[in-house]
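Colleague: Got a structure for you, data-v8.pdb, holding PDB, C-alpha atoms, pLDDT in the B column.
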```pdb
ATOM      1  CA  MET A   1     113.819 100.347 112.202  1.00 48.00           C
ATOM      2  CA  ALA A   2     115.604  97.808 114.380  1.00 49.00           C
ATOM      3  CA  SER A   3     113.391  94.955 115.383  1.00 48.00           C
ATOM      4  CA  SER A   4     114.416  92.932 118.404  1.00 59.00           C
ATOM      5  CA  GLU A   5     111.123  90.929 118.385  1.00 82.00           C
ATOM      6  CA  LEU A   6     111.700  89.713 114.849  1.00 88.00           C
ATOM      7  CA  SER A   7     114.219  86.933 114.419  1.00 92.00           C
ATOM      8  CA  ASN A   8     115.067  85.093 111.226  1.00 95.00           C
ATOM      9  CA  ASN A   9     116.777  82.029 109.808  1.00 95.00           C
ATOM     10  CA  ILE A  10     118.071  83.609 106.628  1.00 96.00           C
ATOM     11  CA  ARG A  11     121.689  82.770 107.336  1.00 95.00           C
ATOM     12  CA  ARG A  12     120.900  79.094 107.916  1.00 96.00           C
ATOM     13  CA  LEU A  13     118.594  78.947 104.897  1.00 96.00           C
ATOM     14  CA  ARG A  14     121.276  80.484 102.691  1.00 96.00           C
ATOM     15  CA  PHE A  15     123.736  77.783 103.651  1.00 95.00           C
ATOM     16  CA  GLU A  16     121.133  75.058 103.184  1.00 95.00           C
ATOM     17  CA  ASN A  17     120.474  76.386  99.692  1.00 94.00           C
ATOM     18  CA  GLY A  18     123.843  75.731  98.139  1.00 92.00           C
ATOM     19  CA  GLU A  19     125.753  78.175 100.335  1.00 93.00           C
ATOM     20  CA  MET A  20     124.027  81.096  98.677  1.00 95.00           C
ATOM     21  CA  THR A  21     125.901  84.351  99.244  1.00 96.00           C
ATOM     22  CA  GLN A  22     124.281  87.492 100.614  1.00 96.00           C
ATOM     23  CA  GLN A  23     124.837  89.155  97.250  1.00 94.00           C
ATOM     24  CA  GLN A  24     123.095  86.312  95.395  1.00 95.00           C
ATOM     25  CA  LEU A  25     120.097  86.515  97.727  1.00 96.00           C
ATOM     26  CA  ALA A  26     120.050  90.299  97.402  1.00 95.00           C
ATOM     27  CA  ASP A  27     120.031  90.062  93.598  1.00 93.00           C
ATOM     28  CA  LYS A  28     117.220  87.494  93.684  1.00 94.00           C
ATOM     29  CA  VAL A  29     114.924  89.565  95.894  1.00 96.00           C
ATOM     30  CA  GLY A  30     115.891  92.940  94.419  1.00 94.00           C
ATOM     31  CA  VAL A  31     117.594  94.695  97.319  1.00 95.00           C
ATOM     32  CA  THR A  32     121.159  95.651  98.195  1.00 93.00           C
ATOM     33  CA  ARG A  33     123.548  93.370 100.075  1.00 93.00           C
ATOM     34  CA  GLN A  34     123.565  95.929 102.891  1.00 92.00           C
ATOM     35  CA  THR A  35     119.850  95.328 103.409  1.00 95.00           C
ATOM     36  CA  ILE A  36     120.318  91.552 103.592  1.00 96.00           C
ATOM     37  CA  ILE A  37     123.104  92.098 106.157  1.00 94.00           C
ATOM     38  CA  ALA A  38     120.820  94.382 108.196  1.00 93.00           C
ATOM     39  CA  ILE A  39     117.912  91.909 108.058  1.00 96.00           C
ATOM     40  CA  GLU A  40     120.114  88.968 109.068  1.00 95.00           C
ATOM     41  CA  ALA A  41     121.485  90.989 111.981  1.00 93.00           C
ATOM     42  CA  GLY A  42     117.955  91.886 113.106  1.00 90.00           C
ATOM     43  CA  LYS A  43     118.645  95.574 112.545  1.00 90.00           C
ATOM     44  CA  TYR A  44     115.977  96.028 109.918  1.00 92.00           C
ATOM     45  CA  ALA A  45     112.480  94.564 109.692  1.00 93.00           C
ATOM     46  CA  PRO A  46     111.689  94.018 106.011  1.00 95.00           C
ATOM     47  CA  SER A  47     108.389  94.975 104.415  1.00 96.00           C
ATOM     48  CA  LEU A  48     105.864  92.186 103.903  1.00 96.00           C
ATOM     49  CA  PRO A  49     106.447  91.970 100.140  1.00 96.00           C
ATOM     50  CA  LEU A  50     110.206  91.641 100.690  1.00 97.00           C
ATOM     51  CA  ALA A  51     109.682  89.047 103.432  1.00 97.00           C
ATOM     52  CA  PHE A  52     107.538  87.011 101.018  1.00 97.00           C
ATOM     53  CA  ARG A  53     110.115  87.322  98.240  1.00 97.00           C
ATOM     54  CA  ILE A  54     112.825  86.030 100.583  1.00 97.00           C
ATOM     55  CA  ALA A  55     110.636  83.100 101.685  1.00 97.00           C
ATOM     56  CA  ARG A  56     109.800  82.234  98.074  1.00 97.00           C
ATOM     57  CA  THR A  57     113.470  82.309  97.148  1.00 96.00           C
ATOM     58  CA  PHE A  58     114.056  79.527  99.686  1.00 96.00           C
ATOM     59  CA  ASN A  59     110.771  77.749  98.789  1.00 96.00           C
ATOM     60  CA  VAL A  60     109.569  77.774 102.391  1.00 96.00           C
ATOM     61  CA  PRO A  61     106.616  79.383 104.171  1.00 96.00           C
ATOM     62  CA  ILE A  62     107.307  82.837 105.585  1.00 95.00           C
ATOM     63  CA  GLU A  63     107.043  81.489 109.169  1.00 94.00           C
ATOM     64  CA  GLN A  64     110.115  79.373 108.549  1.00 95.00           C
ATOM     65  CA  VAL A  65     112.115  82.435 107.656  1.00 96.00           C
ATOM     66  CA  PHE A  66     110.831  84.990 110.168  1.00 96.00           C
ATOM     67  CA  GLN A  67     109.638  84.469 113.731  1.00 94.00           C
ATOM     68  CA  TYR A  68     107.871  87.114 115.752  1.00 90.00           C
ATOM     69  CA  GLU A  69     108.105  86.946 119.538  1.00 84.00           C
ATOM     70  CA  ASP A  70     105.418  88.694 121.568  1.00 75.00           C
ATOM     71  CA  ARG A  71     107.261  90.584 124.318  1.00 67.00           C
TER      72      ARG A  71
ATOM     73  CA  MET B   1     129.469 102.508 101.265  1.00 84.00           C
ATOM     74  CA  ASN B   2     126.455 102.896  99.052  1.00 87.00           C
ATOM     75  CA  ARG B   3     125.547 105.900  96.895  1.00 89.00           C
ATOM     76  CA  LEU B   4     123.436 107.582  99.574  1.00 92.00           C
ATOM     77  CA  GLN B   5     126.225 107.312 102.150  1.00 93.00           C
ATOM     78  CA  LYS B   6     128.814 108.651  99.696  1.00 93.00           C
ATOM     79  CA  MET B   7     126.571 111.622  98.870  1.00 95.00           C
ATOM     80  CA  ALA B   8     125.999 112.329 102.576  1.00 96.00           C
ATOM     81  CA  LEU B   9     129.715 112.158 103.300  1.00 95.00           C
ATOM     82  CA  TYR B  10     130.520 114.369 100.302  1.00 96.00           C
ATOM     83  CA  ASN B  11     127.959 116.951 101.500  1.00 96.00           C
ATOM     84  CA  LEU B  12     129.450 117.043 104.996  1.00 97.00           C
ATOM     85  CA  ILE B  13     133.004 117.399 103.648  1.00 96.00           C
ATOM     86  CA  VAL B  14     132.003 120.229 101.260  1.00 96.00           C
ATOM     87  CA  ILE B  15     130.096 122.050 104.027  1.00 96.00           C
ATOM     88  CA  ALA B  16     133.020 121.723 106.450  1.00 96.00           C
ATOM     89  CA  ILE B  17     135.642 122.912 103.933  1.00 96.00           C
ATOM     90  CA  VAL B  18     133.591 125.792 102.499  1.00 95.00           C
ATOM     91  CA  LEU B  19     132.514 126.907 105.989  1.00 93.00           C
ATOM     92  CA  LEU B  20     136.157 126.916 107.065  1.00 95.00           C
ATOM     93  CA  ILE B  21     137.219 128.937 103.982  1.00 94.00           C
ATOM     94  CA  VAL B  22     134.396 131.490 104.387  1.00 92.00           C
ATOM     95  CA  VAL B  23     134.968 131.940 108.133  1.00 92.00           C
ATOM     96  CA  LEU B  24     138.747 132.260 107.640  1.00 94.00           C
ATOM     97  CA  VAL B  25     138.560 134.727 104.751  1.00 94.00           C
ATOM     98  CA  VAL B  26     135.773 136.843 106.256  1.00 92.00           C
ATOM     99  CA  GLY B  27     137.499 136.741 109.658  1.00 92.00           C
ATOM    100  CA  LEU B  28     140.871 137.800 108.243  1.00 93.00           C
ATOM    101  CA  ILE B  29     139.412 140.632 106.173  1.00 94.00           C
ATOM    102  CA  TYR B  30     137.370 141.791 109.178  1.00 92.00           C
ATOM    103  CA  HIS B  31     140.478 141.721 111.343  1.00 92.00           C
ATOM    104  CA  TYR B  32     142.678 143.675 108.939  1.00 93.00           C
ATOM    105  CA  GLN B  33     140.240 145.874 106.998  1.00 91.00           C
ATOM    106  CA  GLY B  34     136.997 146.087 108.933  1.00 89.00           C
ATOM    107  CA  LEU B  35     133.370 145.011 108.745  1.00 86.00           C
ATOM    108  CA  GLN B  36     132.399 146.700 105.473  1.00 85.00           C
ATOM    109  CA  GLU B  37     135.185 144.982 103.501  1.00 87.00           C
ATOM    110  CA  ALA B  38     134.517 141.671 105.224  1.00 87.00           C
ATOM    111  CA  ARG B  39     130.918 141.766 103.985  1.00 84.00           C
ATOM    112  CA  GLU B  40     132.253 141.879 100.417  1.00 85.00           C
ATOM    113  CA  ALA B  41     133.698 138.374 100.927  1.00 85.00           C
ATOM    114  CA  ILE B  42     130.385 136.784 101.874  1.00 83.00           C
ATOM    115  CA  PRO B  43     129.592 135.800  98.236  1.00 86.00           C
ATOM    116  CA  LEU B  44     132.382 133.235  98.727  1.00 88.00           C
ATOM    117  CA  ALA B  45     129.551 131.235 100.263  1.00 87.00           C
ATOM    118  CA  GLY B  46     128.546 130.542  96.662  1.00 89.00           C
ATOM    119  CA  LEU B  47     131.084 127.702  96.921  1.00 91.00           C
ATOM    120  CA  PHE B  48     128.310 125.829  98.732  1.00 91.00           C
ATOM    121  CA  GLY B  49     126.955 125.342  95.219  1.00 91.00           C
ATOM    122  CA  LEU B  50     129.471 122.474  95.005  1.00 92.00           C
ATOM    123  CA  LEU B  51     126.886 120.511  96.998  1.00 92.00           C
ATOM    124  CA  GLY B  52     124.867 120.255  93.817  1.00 91.00           C
ATOM    125  CA  LEU B  53     127.597 118.139  92.207  1.00 91.00           C
ATOM    126  CA  SER B  54     126.911 115.129  94.448  1.00 88.00           C
ATOM    127  CA  GLY B  55     124.290 113.808  92.035  1.00 86.00           C
ATOM    128  CA  VAL B  56     126.774 113.995  89.145  1.00 89.00           C
ATOM    129  CA  LEU B  57     129.754 112.583  91.047  1.00 91.00           C
ATOM    130  CA  PHE B  58     127.848 109.617  92.451  1.00 88.00           C
ATOM    131  CA  ARG B  59     125.743 108.347  89.608  1.00 85.00           C
ATOM    132  CA  LYS B  60     123.243 105.508  89.834  1.00 82.00           C
ATOM    133  CA  LYS B  61     124.548 102.062  88.953  1.00 77.00           C
ATOM    134  CA  ARG B  62     123.432 100.659  85.642  1.00 77.00           C
ATOM    135  CA  GLY B  63     121.643  97.384  86.279  1.00 74.00           C
ATOM    136  CA  GLY B  64     121.485  95.813  89.727  1.00 74.00           C
ATOM    137  CA  THR B  65     119.906  97.387  92.760  1.00 80.00           C
ATOM    138  CA  ASP B  66     121.604 100.252  94.525  1.00 82.00           C
ATOM    139  CA  PHE B  67     118.593 101.829  96.237  1.00 87.00           C
ATOM    140  CA  ASP B  68     115.954  99.701  97.934  1.00 91.00           C
ATOM    141  CA  GLU B  69     113.161  99.982 100.500  1.00 95.00           C
ATOM    142  CA  ARG B  70     115.596 100.317 103.428  1.00 95.00           C
ATOM    143  CA  ASP B  71     117.500 103.129 101.708  1.00 94.00           C
ATOM    144  CA  GLN B  72     114.187 104.815 100.930  1.00 95.00           C
ATOM    145  CA  LEU B  73     113.133 104.566 104.597  1.00 95.00           C
ATOM    146  CA  ILE B  74     116.483 105.930 105.793  1.00 95.00           C
ATOM    147  CA  LEU B  75     116.265 108.839 103.340  1.00 96.00           C
ATOM    148  CA  ARG B  76     112.669 109.598 104.361  1.00 96.00           C
ATOM    149  CA  LYS B  77     113.482 109.548 108.094  1.00 96.00           C
ATOM    150  CA  SER B  78     116.594 111.673 107.605  1.00 97.00           C
ATOM    151  CA  THR B  79     114.665 114.230 105.555  1.00 97.00           C
ATOM    152  CA  ALA B  80     111.932 114.408 108.210  1.00 97.00           C
ATOM    153  CA  VAL B  81     114.516 114.951 110.964  1.00 97.00           C
ATOM    154  CA  ALA B  82     116.336 117.569 108.855  1.00 97.00           C
ATOM    155  CA  TYR B  83     113.202 119.611 108.168  1.00 97.00           C
ATOM    156  CA  SER B  84     112.101 119.360 111.807  1.00 97.00           C
ATOM    157  CA  VAL B  85     115.442 120.778 112.961  1.00 97.00           C
ATOM    158  CA  PHE B  86     115.290 123.429 110.227  1.00 96.00           C
ATOM    159  CA  TRP B  87     111.779 124.460 111.340  1.00 96.00           C
ATOM    160  CA  VAL B  88     112.795 124.818 114.994  1.00 97.00           C
ATOM    161  CA  ALA B  89     115.923 126.794 114.013  1.00 94.00           C
ATOM    162  CA  TRP B  90     113.951 129.008 111.615  1.00 92.00           C
ATOM    163  CA  ILE B  91     111.278 129.844 114.198  1.00 94.00           C
ATOM    164  CA  ALA B  92     113.934 130.420 116.882  1.00 94.00           C
ATOM    165  CA  ALA B  93     115.884 132.756 114.560  1.00 89.00           C
ATOM    166  CA  SER B  94     112.752 134.664 113.562  1.00 88.00           C
ATOM    167  CA  MET B  95     111.593 135.036 117.152  1.00 91.00           C
ATOM    168  CA  THR B  96     115.069 136.077 118.277  1.00 91.00           C
ATOM    169  CA  ILE B  97     115.218 138.832 115.657  1.00 87.00           C
ATOM    170  CA  TRP B  98     111.782 139.994 116.747  1.00 87.00           C
ATOM    171  CA  ALA B  99     112.707 139.880 120.423  1.00 91.00           C
ATOM    172  CA  VAL B 100     115.941 141.778 119.879  1.00 90.00           C
ATOM    173  CA  LEU B 101     114.762 144.441 117.424  1.00 87.00           C
ATOM    174  CA  ARG B 102     111.197 144.803 118.724  1.00 85.00           C
ATOM    175  CA  ARG B 103     108.299 146.047 116.609  1.00 82.00           C
ATOM    176  CA  ARG B 104     109.951 149.114 115.130  1.00 84.00           C
ATOM    177  CA  GLY B 105     113.229 147.400 114.258  1.00 85.00           C
ATOM    178  CA  THR B 106     114.348 146.633 110.711  1.00 87.00           C
ATOM    179  CA  VAL B 107     116.384 143.799 109.229  1.00 83.00           C
ATOM    180  CA  ARG B 108     118.949 144.523 106.533  1.00 84.00           C
ATOM    181  CA  VAL B 109     117.957 143.163 103.152  1.00 86.00           C
ATOM    182  CA  ASP B 110     121.124 141.047 102.885  1.00 79.00           C
ATOM    183  CA  ILE B 111     120.233 139.147 106.071  1.00 82.00           C
ATOM    184  CA  LEU B 112     117.372 137.239 104.429  1.00 82.00           C
ATOM    185  CA  PRO B 113     119.474 135.404 101.801  1.00 85.00           C
ATOM    186  CA  ILE B 114     121.965 134.536 104.530  1.00 86.00           C
ATOM    187  CA  MET B 115     119.134 133.116 106.648  1.00 86.00           C
ATOM    188  CA  VAL B 116     117.936 131.070 103.692  1.00 88.00           C
ATOM    189  CA  LEU B 117     121.507 129.854 103.072  1.00 90.00           C
ATOM    190  CA  ILE B 118     121.937 128.870 106.714  1.00 92.00           C
ATOM    191  CA  GLY B 119     118.539 127.141 106.623  1.00 93.00           C
ATOM    192  CA  GLY B 120     119.608 125.137 103.578  1.00 94.00           C
ATOM    193  CA  LEU B 121     122.883 124.219 105.233  1.00 94.00           C
ATOM    194  CA  ILE B 122     121.022 123.044 108.340  1.00 96.00           C
ATOM    195  CA  VAL B 123     118.804 120.795 106.211  1.00 97.00           C
ATOM    196  CA  VAL B 124     121.705 119.271 104.252  1.00 96.00           C
ATOM    197  CA  THR B 125     123.928 118.866 107.322  1.00 97.00           C
ATOM    198  CA  VAL B 126     121.302 117.268 109.556  1.00 97.00           C
ATOM    199  CA  GLN B 127     120.070 115.044 106.722  1.00 97.00           C
ATOM    200  CA  SER B 128     123.601 113.861 105.942  1.00 97.00           C
ATOM    201  CA  VAL B 129     124.434 113.167 109.592  1.00 97.00           C
ATOM    202  CA  ALA B 130     121.127 111.321 110.046  1.00 97.00           C
ATOM    203  CA  ILE B 131     121.798 109.208 106.933  1.00 96.00           C
ATOM    204  CA  LEU B 132     125.282 108.231 108.111  1.00 96.00           C
ATOM    205  CA  ALA B 133     124.027 107.559 111.652  1.00 95.00           C
ATOM    206  CA  GLN B 134     121.250 105.263 110.442  1.00 92.00           C
ATOM    207  CA  TYR B 135     123.686 103.255 108.344  1.00 90.00           C
ATOM    208  CA  GLY B 136     125.898 102.897 111.413  1.00 83.00           C
ATOM    209  CA  TRP B 137     128.610 105.342 110.274  1.00 69.00           C
ATOM    210  CA  GLY B 138     129.753 102.912 107.550  1.00 56.00           C
ATOM    211  CA  GLY B 139     130.413 100.191 110.124  1.00 49.00           C
ATOM    212  CA  LYS B 140     129.631  96.498 109.811  1.00 47.00           C
ATOM    213  CA  CYS B 141     126.091  97.182 108.696  1.00 45.00           C
ATOM    214  CA  GLY B 142     127.151  99.901 106.313  1.00 43.00           C
ATOM    215  CA  LYS B 143     129.656  97.895 104.299  1.00 42.00           C
ATOM    216  CA  GLN B 144     128.736  97.057 100.746  1.00 38.00           C
TER     217      GLN B 144
END
```
In structure tokens, write the structure found in this file.

Modeller:
Amino acid sequence: MASSELSNNIRRLRFENGEMTQQQLADKVGVTRQTIIAIEAGKYAPSLPLAFRIARTFNVPIEQVFQYEDR
Amino acid sequence: MNRLQKMALYNLIVIAIVLLIVVLVVGLIYHYQGLQEAREAIPLAGLFGLLGLSGVLFRKKRGGTDFDERDQLILRKSTAVAYSVFWVAWIAASMTIWAVLRRRGTVRVDILPIMVLIGGLIVVTVQSVAILAQYGWGGKCGKQ
């Protein structure tokens, strides 16, 4: 479940979007705050639909939210 | 802690307490009165039925999300691990009985329900431990 190759900018994007809290983001994308915490910490790789929902919440392409490093 | 973690923790606490009570009572009766009387106390294991209350005690939240894709994945993985352990234990127990008693041996009729009970306890225990482990034992990642 942990994904060291997948990094993300969710924390930065939250602060750039009116200092959105983890709970607010969780409510918008329909998951629990625990899941947002796990994704931000790189401990959980979200499903594609959830990744798209997060990107759409910030109005950015998915590549700006998640980066995959080939190791 | 979310609902799944609370249910897992509740299950482990109930199993630990009931197991302690059953072992103590059966052990004491065996010590003072003998094996036959001790067997009469085994129905105390019915207290494991308290496990069924977890769904009532920890109800789903109205509105909002309290179970998402990550929780679903954790539950699925934990269940798979639990049934794998159960299967290995079940086969090992069956083979051990066979190896010990050989072809002409017989198993008392009250052993089967106890085996089923132990099997169920293995599933619930391993599943609960796996759930708590995957959430990080309620640590930083497990906080709600």

Colleague: I need the residue nearest Phe58 in chain A from this list: A:Pro46, A:Asn17, A:Asp70, A:Gln22. Use all atoms listed in the file for the distance.

Modeller: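 Among the listed residues, the smallest separation from Phe58 in chain A belongs to A:Asn17.
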
Colleague: Would you kindly return, as a count of residues only, each protein, DNA or RNA residue with an atom no farther than 10 Å from any atom of Glu63 in chain A, considering only C-alpha atoms and excluding same-chain residues fewer than 2 positions away?

Modeller: 11

Colleague: To one decimal place, how far is CA of Pro49 in chain A from CA of Val129 in chain B in Å?

Modeller: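 CA of Val129 in chain B lies at a distance of 29.4 Å from CA of Pro49 in chain A.
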
Colleague: I need the residue set behind the PyMOL selection byres ((chain B and resi 36-53) around 7) for this file; please write it as a ChimeraX atom specification.

Modeller: /B:11,14-15,18,22,26,29-30,33-35,54-57

Colleague: I need the residue set behind the PyMOL selection byres ((chain B and resi 76-83) around 8) for this file; please write it as an NGL selection string.

Modeller: :B and (72-75 or 84-87 or 122-128 or 130-131)

Colleague: Report as a VMD selection string the full result of the PyMOL selection byres ((chain A and resi 36) around 10) when it is applied to this structure.

Modeller: (chain A and resid 10 to 11 22 to 23 25 to 26 29 31 to 35 37 to 44 46 54) or (chain B and resid 70 141)
